[in-house]
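File shown: query_31.cif (mmCIF, C-alpha atoms).
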```
data_upload
loop_
_atom_site.label_atom_id
_atom_site.label_comp_id
_atom_site.auth_asym_id
_atom_site.auth_seq_id
_atom_site.Cartn_x
_atom_site.Cartn_y
_atom_site.Cartn_z
CA MET W 18 0.00 0.00 0.00
CA PRO W 19 1.61 3.25 -1.04
CA VAL W 20 2.26 5.80 1.67
CA GLN W 21 0.61 9.11 1.02
CA PRO W 22 2.46 12.25 2.14
CA MET W 23 0.97 14.25 4.99
CA PRO W 24 -0.62 17.50 3.89
CA SER W 25 1.28 20.54 5.00
CA PRO W 26 -0.49 22.68 7.60
CA ILE W 27 -2.22 25.76 6.27
CA ILE W 28 -1.03 28.97 7.91
CA MET W 29 -3.82 31.51 8.01
CA ASP W 30 -2.81 35.11 8.06
CA ARG W 31 -4.64 37.45 10.39
CA ASP W 32 -7.07 39.68 8.66
CA PRO W 33 -5.72 43.22 8.92
CA GLY W 34 -9.27 44.51 9.15
CA LEU W 35 -9.90 42.47 12.31
CA ALA W 36 -6.63 43.34 13.97
CA ARG W 37 -6.73 45.56 17.02
CA HIS W 38 -5.73 49.14 16.54
CA THR W 39 -2.17 49.73 17.71
CA PRO W 40 -1.92 52.81 19.88
CA TYR W 41 0.38 55.60 18.74
CA MET W 42 1.81 56.18 22.20
CA GLY W 43 5.39 57.39 21.85
CA GLN W 44 5.51 57.30 18.01
CA PRO W 45 5.13 60.87 16.73
CA ASP W 46 7.18 60.18 13.57
CA TYR W 47 4.81 57.34 12.72
CA ARG W 48 1.92 59.78 12.89
CA ILE W 49 3.64 61.88 10.20
CA HIS W 50 3.90 58.74 8.11
CA GLU W 51 0.17 58.15 8.57
CA LEU W 52 -0.51 61.76 7.57
CA ASN W 53 1.50 61.30 4.35
CA LYS W 54 -0.44 58.14 3.50
CA ARG W 55 -3.75 59.90 4.04
CA LEU W 56 -2.72 62.76 1.75
CA GLN W 57 -1.77 60.27 -0.96
CA GLN W 58 -5.28 58.80 -0.78
CA ARG W 59 -6.78 62.11 -1.83
CA THR W 60 -8.61 62.19 -5.12
CA GLU W 61 -10.01 64.90 -7.32
CA ASP W 62 -13.47 64.13 -5.94
CA SER W 63 -12.48 64.75 -2.29
CA ASP W 64 -14.97 67.24 -0.88
CA ASN W 65 -15.17 69.26 2.33
CA LEU W 66 -16.29 66.22 4.34
CA TRP W 67 -13.12 64.36 3.40
CA TRP W 68 -10.90 67.26 4.42
CA ASP W 69 -12.81 67.77 7.68
CA ALA W 70 -12.34 64.09 8.51
CA PHE W 71 -8.64 64.42 7.71
CA ALA W 72 -8.26 67.40 10.06
CA THR W 73 -10.29 65.66 12.80
CA ASP W 74 -8.07 62.55 12.72
CA PHE W 75 -4.76 64.42 12.88
CA PHE W 76 -5.46 67.74 14.64
CA GLU W 77 -6.92 68.64 18.01
CA ASP W 78 -10.06 70.76 18.31
CA ASP W 79 -7.98 73.71 19.57
CA ALA W 80 -5.01 73.15 17.25
CA ALA W 81 -3.09 76.00 15.64
CA LEU W 82 -0.94 75.94 12.49
CA THR W 83 1.81 78.54 12.07
CA LEU W 84 3.91 79.23 8.97
CA SER W 85 6.97 81.50 8.97
CA PHE W 86 8.89 82.49 5.86
CA CYS W 87 10.54 85.49 4.28
CA LEU W 88 9.30 87.05 1.04
CA GLU W 89 10.66 89.88 -1.06
CA ASP W 90 8.86 92.48 1.05
CA GLY W 91 9.99 91.09 4.40
CA PRO W 92 9.35 88.24 6.86
CA LYS W 93 5.83 86.84 7.14
CA ARG W 94 4.11 84.85 9.86
CA TYR W 95 0.63 83.39 9.51
CA THR W 96 -1.29 81.51 12.20
CA ILE W 97 -4.62 79.81 11.52
CA GLY W 98 -6.98 77.94 13.82
CA ARG W 99 -8.58 74.55 13.68
CA THR W 100 -11.48 75.60 11.46
CA LEU W 101 -9.19 76.81 8.67
CA ILE W 102 -6.61 73.99 8.76
CA PRO W 103 -8.50 71.73 6.31
CA ARG W 104 -8.92 74.67 3.95
CA TYR W 105 -5.16 75.29 4.07
CA PHE W 106 -4.23 71.77 2.96
CA ARG W 107 -6.96 71.84 0.33
CA SER W 108 -5.62 75.14 -1.06
CA ILE W 109 -2.24 73.50 -1.68
CA PHE W 110 -3.77 70.97 -4.06
CA GLU W 111 -6.10 73.51 -5.63
CA GLY W 112 -3.04 75.62 -6.50
CA GLY W 113 -1.69 72.97 -8.90
CA VAL W 114 0.00 70.48 -6.54
CA THR W 115 -0.55 66.81 -7.35
CA ASP W 116 1.34 65.23 -4.43
CA LEU W 117 2.36 66.39 -0.96
CA TYR W 118 4.36 64.66 1.76
CA PHE W 119 6.82 65.49 4.55
CA ILE W 120 10.26 64.02 5.25
CA LEU W 121 11.85 64.34 8.70
CA LYS W 122 15.58 63.77 9.23
CA HIS W 123 16.96 63.21 12.73
CA PRO W 124 13.90 64.39 14.69
CA LYS W 125 14.18 64.91 18.44
CA GLU W 126 11.38 63.94 20.78
CA SER W 127 10.72 65.31 24.25
CA PHE W 128 8.04 64.03 26.61
CA HIS W 129 6.02 66.21 28.96
CA ASN W 130 3.12 65.57 31.26
CA THR W 131 0.37 65.81 28.66
CA THR W 132 2.22 66.45 25.37
CA ILE W 133 5.00 65.08 23.19
CA THR W 134 7.11 67.58 21.26
CA LEU W 135 8.82 66.62 18.01
CA ASP W 136 11.59 68.99 16.97
CA CYS W 137 13.14 68.46 13.53
CA ASP W 138 15.71 70.93 12.26
CA GLN W 139 16.01 69.18 8.88
CA ALA W 140 12.40 68.88 7.79
CA MET W 141 11.37 68.95 4.14
CA MET W 142 8.01 69.52 2.51
CA ILE W 143 7.91 67.92 -0.94
CA THR W 144 5.33 69.02 -3.51
CA HIS W 145 4.87 67.85 -7.09
CA HIS W 146 3.46 70.25 -9.66
CA GLY W 147 2.06 69.19 -13.03
CA LYS W 148 1.61 72.61 -14.67
CA PRO W 149 3.05 74.23 -16.64
CA MET W 150 5.25 71.12 -16.58
CA PHE W 151 6.35 68.56 -14.06
CA THR W 152 8.26 70.25 -11.24
CA LYS W 153 9.41 68.95 -7.87
CA VAL W 154 9.62 71.61 -5.16
CA VAL W 155 11.67 70.85 -2.03
CA THR W 156 11.01 73.26 0.86
CA GLU W 157 13.50 72.96 3.71
CA GLY W 158 12.87 74.33 7.17
CA HIS W 159 12.48 73.77 10.89
CA LEU W 160 9.37 71.85 11.96
CA ILE W 161 8.09 71.78 15.54
CA LEU W 162 5.07 69.61 16.29
CA GLU W 163 3.28 69.21 19.60
CA PHE W 164 1.19 66.04 20.04
CA THR W 165 -1.24 65.09 22.78
CA PHE W 166 0.05 62.31 25.02
CA ASP W 167 -2.83 59.86 24.55
CA ASP W 168 -3.92 57.02 22.28
CA LEU W 169 -4.97 59.33 19.44
CA MET W 170 -1.83 61.48 19.46
CA ARG W 171 -3.35 64.33 17.52
CA ILE W 172 -1.41 67.47 16.68
CA ARG W 173 -2.02 70.44 18.96
CA SER W 174 0.55 72.83 17.50
CA TRP W 175 2.22 72.92 14.05
CA HIS W 176 5.02 75.41 13.37
CA PHE W 177 7.03 75.27 10.14
CA ALA W 178 9.73 77.89 9.59
CA THR W 179 10.97 77.90 5.98
CA ARG W 180 14.66 78.49 5.33
CA GLN W 181 14.99 77.86 1.60
CA HIS W 182 13.35 76.02 -1.26
CA ARG W 183 14.48 74.45 -4.54
CA GLU W 184 12.52 73.77 -7.71
CA LEU W 185 13.70 70.76 -9.71
CA ILE W 186 12.70 69.99 -13.30
CA PRO W 187 13.81 67.02 -15.41
CA ARG W 188 16.90 67.52 -17.61
CA SER W 189 15.07 65.93 -20.52
CA VAL W 190 12.54 68.72 -20.55
CA ILE W 191 15.26 71.36 -20.99
CA ALA W 192 17.04 69.34 -23.67
CA MET W 193 13.89 69.16 -25.75
CA GLN W 194 13.38 72.91 -25.76
CA GLN W 195 15.19 74.71 -28.56
CA ASP W 196 13.51 78.08 -28.14
CA PRO W 197 15.55 80.40 -25.86
CA ALA W 198 12.34 82.17 -24.74
CA MET W 199 10.90 78.86 -23.61
CA VAL W 200 14.06 78.01 -21.73
CA GLU W 201 13.88 81.40 -20.02
CA GLN W 202 10.29 80.68 -19.09
CA LEU W 203 11.22 77.35 -17.57
CA SER W 204 13.97 78.92 -15.47
CA LYS W 205 11.49 81.06 -13.55
CA ASN W 206 10.15 79.87 -10.22
CA ILE W 207 6.55 78.81 -9.99
CA THR W 208 6.36 79.13 -6.18
CA ARG W 209 7.38 81.65 -3.56
CA GLN W 210 9.21 79.98 -0.67
CA GLY W 211 7.61 76.69 -1.70
CA LEU W 212 4.04 78.03 -1.65
CA THR W 213 1.87 78.77 -4.65
CA ASN W 214 0.15 82.08 -5.17
CA TYR W 215 -3.18 80.41 -4.49
CA THR W 216 -2.03 79.33 -1.02
CA LEU W 217 -0.47 82.72 -0.28
CA ASN W 218 -3.71 84.48 -1.14
CA PHE W 219 -5.56 82.07 1.14
CA LEU W 220 -3.21 82.89 4.02
CA ARG W 221 -3.78 86.61 3.44
CA LEU W 222 -7.51 86.01 3.56
CA CYS W 223 -7.08 84.08 6.81
CA VAL W 224 -5.76 87.26 8.41
CA ILE W 225 -9.20 88.77 7.71
CA LEU W 226 -11.32 85.67 8.23
CA GLU W 227 -9.78 84.62 11.55
CA PRO W 228 -10.95 87.71 13.50
CA MET W 229 -14.37 87.42 11.84
CA GLN W 230 -14.98 84.02 13.40
CA GLU W 231 -16.53 85.75 16.42
CA LEU W 232 -18.92 87.70 14.18
CA MET W 233 -19.90 84.58 12.27
CA SER W 234 -20.55 82.57 15.40
CA ARG W 235 -22.60 85.41 16.92
CA HIS W 236 -24.66 85.70 13.75
CA LYS W 237 -25.26 81.95 13.74
CA ALA W 238 -26.19 81.83 17.43
CA TYR W 239 -28.42 84.92 17.78
CA GLY W 240 -29.56 85.54 14.21
CA LEU W 241 -28.46 89.19 14.22
CA SER W 242 -27.64 91.17 11.12
CA PRO W 243 -23.94 91.64 10.25
CA ARG W 244 -24.10 95.30 11.27
CA ASP W 245 -25.67 94.47 14.68
CA CYS W 246 -23.12 91.71 15.25
CA LEU W 247 -20.30 94.16 14.56
CA LYS W 248 -21.79 96.79 16.89
CA THR W 249 -22.27 94.28 19.72
CA THR W 250 -18.77 92.86 19.37
CA LEU W 251 -17.12 96.29 19.28
CA PHE W 252 -19.14 97.47 22.28
CA GLN W 253 -18.07 94.45 24.34
CA LYS W 254 -14.43 94.94 23.41
CA TRP W 255 -14.71 98.64 24.31
CA GLN W 256 -16.11 97.69 27.70
CA ARG W 257 -13.18 95.35 28.34
CA MET W 258 -10.72 98.08 27.35
CA VAL W 259 -12.34 100.78 29.48
CA ALA W 260 -12.80 98.61 32.57
CA PRO W 261 -9.78 98.87 34.89
CA PRO W 262 -7.75 95.65 35.23
CA GLY W 263 -8.69 93.45 38.16
CA ASN W 264 -11.98 95.23 38.79
CA THR W 265 -14.54 92.46 38.99
CA THR W 266 -17.03 94.19 41.27
CA THR W 267 -20.36 95.31 39.87
CA ASN W 268 -22.35 98.38 40.78
CA ARG W 269 -25.10 97.27 43.08
CA GLN W 270 -27.26 99.05 45.58
CA PRO W 271 -26.31 98.51 49.22
CA ASN W 272 -28.64 96.12 50.93
CA LYS W 273 -30.78 97.51 53.68
CA ARG W 274 -29.88 96.34 57.13
CA LYS W 275 -32.29 93.71 58.24
CA LYS W 276 -33.95 94.01 61.59
CA ARG W 277 -32.70 91.29 63.89
CA LYS W 278 -35.14 89.34 65.96
CA PRO W 279 -34.04 88.79 69.56
CA SER W 280 -33.03 85.21 70.29
CA THR W 281 -34.58 82.99 72.99
CA SER W 282 -31.70 83.51 75.42
CA THR W 283 -32.06 87.28 75.06
CA ASN W 284 -35.81 87.11 75.76
CA ALA W 285 -35.18 85.04 78.87
CA SER W 286 -32.62 87.52 80.18
CA MET W 287 -34.99 90.45 79.54
CA ASN W 288 -37.81 88.66 81.38
CA SER W 289 -35.57 88.10 84.37
CA VAL W 290 -34.68 91.79 84.42
CA ASN W 291 -38.36 92.76 84.30
CA ALA W 292 -39.12 90.38 87.16
CA ARG W 293 -36.43 91.94 89.32
CA GLU W 294 -37.64 95.43 88.62
CA ALA W 295 -41.23 94.47 89.44
CA GLY W 296 -40.39 93.71 93.08
CA PRO W 297 -42.58 91.71 95.50
CA PRO W 298 -46.33 91.45 94.85
CA GLY W 299 -48.45 94.08 96.44
CA LYS W 300 -45.95 96.86 96.08
CA GLN W 301 -46.00 99.47 93.36
CA LYS W 302 -43.12 99.46 90.90
CA ARG W 303 -40.87 102.44 91.35
CA SER W 304 -39.12 103.93 88.40
CA PRO W 305 -35.44 104.47 89.19
CA ALA W 306 -34.19 108.01 89.12
CA PRO W 307 -32.02 108.89 86.12
CA GLN W 308 -28.35 108.62 86.97
CA PRO W 309 -25.42 110.10 85.13
CA PHE W 310 -23.31 107.77 82.98
CA ASN W 311 -20.24 106.66 84.88
CA MET W 312 -17.81 104.07 83.58
CA GLY W 313 -16.36 103.53 87.03
CA VAL W 314 -19.62 102.22 88.53
CA PRO W 315 -19.62 98.40 88.38
CA GLY W 316 -23.38 98.16 88.76
CA ASP W 317 -24.11 97.63 85.03
CA VAL W 318 -23.36 94.27 83.44
CA MET W 319 -23.07 94.22 79.64
CA VAL W 320 -23.94 90.84 78.08
CA VAL W 321 -22.80 90.26 74.50
CA GLY W 322 -24.76 87.70 72.50
CA GLU W 323 -23.45 85.51 69.71
CA PRO W 324 -23.65 86.91 66.15
CA THR W 325 -26.65 85.86 64.16
CA LEU W 326 -25.41 83.76 61.25
CA MET W 327 -28.53 81.83 60.23
CA GLY W 328 -31.10 83.82 58.33
CA GLY W 329 -28.79 86.70 57.51
CA GLU W 330 -25.79 87.55 55.39
CA PHE W 331 -22.38 87.25 56.93
CA GLY W 332 -20.10 90.19 56.33
CA ASP W 333 -20.88 93.88 56.60
CA GLU W 334 -24.26 93.21 58.19
CA ASP W 335 -22.86 90.98 60.92
CA GLU W 336 -23.62 92.41 64.34
CA ARG W 337 -23.75 91.35 67.95
CA LEU W 338 -26.74 92.10 70.15
CA ILE W 339 -25.69 93.79 73.39
CA THR W 340 -28.12 93.58 76.34
CA ARG W 341 -27.79 95.72 79.43
CA LEU W 342 -28.56 94.09 82.76
CA GLU W 343 -28.80 96.12 85.94
CA ASN W 344 -27.63 94.67 89.24
CA GLN W 345 -30.30 95.66 91.74
CA GLN W 346 -28.39 94.27 94.73
CA PHE W 347 -25.56 96.76 94.28
CA ASN W 348 -26.18 100.02 96.08
CA THR W 349 -25.37 102.78 93.66
CA ASN W 350 -26.94 105.53 95.84
CA PRO W 351 -24.73 107.50 98.21
CA PRO W 352 -25.11 106.71 101.98
CA ASP W 353 -26.91 110.01 102.74
CA ASP W 354 -30.04 108.99 100.72
CA ASP W 355 -33.44 108.34 102.17
CA PRO W 356 -33.17 105.51 104.79
CA HIS W 357 -36.77 104.46 104.07
CA GLN W 358 -35.95 103.75 100.45
CA GLN W 359 -32.84 101.77 101.48
CA SER W 360 -34.85 99.57 103.81
CA GLN W 361 -37.40 98.87 101.05
CA GLN W 362 -34.65 97.82 98.67
CA GLN W 363 -33.15 95.53 101.30
CA GLN W 364 -36.51 93.89 101.96
CA ALA W 365 -37.13 93.38 98.21
CA ALA W 366 -33.69 91.79 97.74
CA GLN W 367 -34.21 89.54 100.80
CA GLN W 368 -37.61 88.33 99.60
CA GLN W 369 -36.28 87.68 96.06
CA PHE W 370 -33.42 85.68 97.54
CA GLN W 371 -35.79 83.61 99.71
CA ASN W 372 -37.99 82.74 96.71
CA SER W 373 -34.98 81.33 94.82
CA PRO W 374 -35.38 77.60 93.91
CA THR W 375 -31.80 76.86 94.96
CA LEU W 376 -32.75 77.09 98.66
CA SER W 377 -34.48 73.72 98.56
CA SER W 378 -31.22 72.03 97.50
CA PRO W 379 -28.58 71.15 100.10
CA TRP W 380 -25.95 72.57 97.79
CA GLY W 381 -27.66 75.92 97.89
CA GLN W 382 -27.95 75.87 101.72
CA SER W 383 -24.30 74.97 102.24
CA SER W 384 -23.16 77.59 99.78
CA MET W 385 -25.31 80.22 101.42
CA LYS W 386 -23.99 79.38 104.88
CA LYS W 387 -20.42 79.85 103.71
CA SER W 388 -20.99 82.82 101.36
CA PRO W 389 -20.07 86.23 102.73
CA GLN W 390 -22.60 89.01 103.01
CA THR W 391 -22.91 91.38 100.11
CA PRO W 392 -21.98 94.98 100.73
CA GLY W 393 -25.41 96.14 99.57
CA SER W 394 -27.51 94.07 101.99
CA GLN W 395 -27.12 92.99 105.64
CA ILE W 396 -29.22 89.93 106.34
CA GLY W 397 -28.86 88.64 109.87
CA ASP W 398 -31.27 85.71 109.66
CA LYS W 399 -30.31 82.23 108.55
CA PRO W 400 -31.24 81.05 105.11
CA GLY W 401 -34.75 79.77 104.88
CA SER W 402 -36.04 81.64 108.02
CA ASN W 403 -38.75 84.27 107.70
#
```
Please, can you express the file's structure as structure tokens?
Amino acid sequence: MPVQPMPSPIIMDRDPGLARHTPYMGQPDYRIHELNKRLQQRTEDSDNLWWDAFATDFFEDDAALTLSFCLEDGPKRYTIGRTLIPRYFRSIFEGGVTDLYFILKHPKESFHNTTITLDCDQAMMITHHGKPMFTKVVTEGHLILEFTFDDLMRIRSWHFATRQHRELIPRSVIAMQQDPAMVEQLSKNITRQGLTNYTLNFLRLCVILEPMQELMSRHKAYGLSPRDCLKTTLFQKWQRMVAPPGNTTTNRQPNKRKKRKPSTSTNASMNSVNAREAGPPGKQKRSPAPQPFNMGVPGDVMVVGEPTLMGGEFGDEDERLITRLENQQFNTNPPDDDPHQQSQQQQAAQQQFQNSPTLSSPWGQSSMKKSPQTPGSQIGDKPGSN
């Protein structure tokens, strides 16, 4: 029986569509490679949605793109925001460019808390032009990119400073031309610092369109006319310019001071004072004679209550309620006053002391036996005796 060979095992490759997405953490140069591949996938039918998706995948929502170069009339610097970044890349291709990609030589990476910075001093932007004939433009400069330190690694800041550019045309094209005028025409540059006139005009328009973003957003949000949007925006900027720096207070009317209601402890103290002034039952209340104000007399006791915090505003309206209590047992009258009035005051103080609830407690009796006599009253009887 012939021996049949064993079939070789079939090795199945993993479907790239089912493979898990590899994060871009720590690979900023690979993100530039992905950006070049996406630009090569552009077609003539790519619309605004395609360019918006391109900018969303590679740029943050608050990204900024800055270009610095020197023209015949002096150095130029243009900075555009996130909304105009897709229009910038689209203007490059609409100006006659058929291919665009970036080459980075010896880039340096630096890691921060939330960003990764890629600094390349030998960066090149390569563009291919098809009209008036095939031309390769090499723009050399210094590229600084700032990426977010996350899985998406989108660009937050793009700054390309152009140093020089070169325009290269095939030698065969020059050899075919016999007309000196045509050769002179081919020797002229078709770009200015690597940018076409179409892109330069777009950057000049961005200088006007970028400040108008506030007017456009206000018109879209509130439906105002362009003139009203301009008036409102200028008035708000004038207010910010006129207002002194650091002045955040607003003009408001001072609040009226609220009338405080006396607390429960204050009512109790006032009731006790009224009870002392009333005297024993059966006797008519005598109004004390007005006495001159004297700070040296220790007969007045000033009781300061706690500030009222609940139900009121704390701050300028905070206040403490001060209650005046008069000590009736202290003799504020000179010794040459009416003896009849002194005896009545002593009897009232003695009766008020006898009606005190502390006399029924043994603590009160022991304390009263040991307590010295007050200078205002001379009570010779024992406590509790009538």
**Report entry** Between atom CA of W:Pro187 and atom CA of W:Pro149, distance in Å (one decimal)
**Finding:**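 About the pair atom CA of W:Pro187 and atom CA of W:Pro149: they are 13.0 Å apart.
Here the PyMOL selection byres ((chain W and resi 107) around 10) captures the residues Arg59, Ser63, Asp64, Asn65, Trp68, Leu101, Ile102, Pro103, Arg104, Tyr105, Phe106, Ser108, Ile109, Phe110, Glu111, Gly112, Val114 and Thr216 of chain W.
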Query - Separation of atom CA of W:His129 from atom CA of W:Phe75, in Å and rounded to one decimal - result: 19.4 Å
Requested in this report: Give as a PyMOL selection string the residues that the PyMOL selection byres ((chain W and resi 55) around 12) matches when applied to the coordinates above.
Outcome: chain W and resi 48-54+56-60+63+67-68+70-72+74-75+106+116-119
**Report entry** Length of the atom CA of W:Ala81 to atom CA of W:Lys122 vector [Å]
**Finding:** 23.2 Å
Report task. Might you spell out which residues the PyMOL selection byres ((chain W and resi 83) around 8) would select in the displayed file, as a PyMOL selection string? Result -> chain W and resi 81-82+84-85+94-97+174-177
Query - Non-local contacts of W:Met199 (12 Å; only C-alpha atoms; under 6 positions in same chain excluded) as an MDAnalysis selection string - result: chainID W and resid 149:150 190:193 205
Output of the above residues as a PDB file, in the frame of the given file, restricted to C-alpha atoms:
```pdb
ATOM      1  CA  PRO W 149       3.050  74.230 -16.640  1.00  0.00           C
ATOM      2  CA  MET W 150       5.250  71.120 -16.580  1.00  0.00           C
ATOM      3  CA  VAL W 190      12.540  68.720 -20.550  1.00  0.00           C
ATOM      4  CA  ILE W 191      15.260  71.360 -20.990  1.00  0.00           C
ATOM      5  CA  ALA W 192      17.040  69.340 -23.670  1.00  0.00           C
ATOM      6  CA  MET W 193      13.890  69.160 -25.750  1.00  0.00           C
ATOM      7  CA  LYS W 205      11.490  81.060 -13.550  1.00  0.00           C
TER       8      LYS W 205
END
```
Report task. Identify which of the residues W:Leu217, W:Cys223, W:Val154, W:Leu160 lies closest to W:Ala140, counting all atoms listed in the file when measuring atom-to-atom distances. Result ->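 Closest candidate: W:Leu160.
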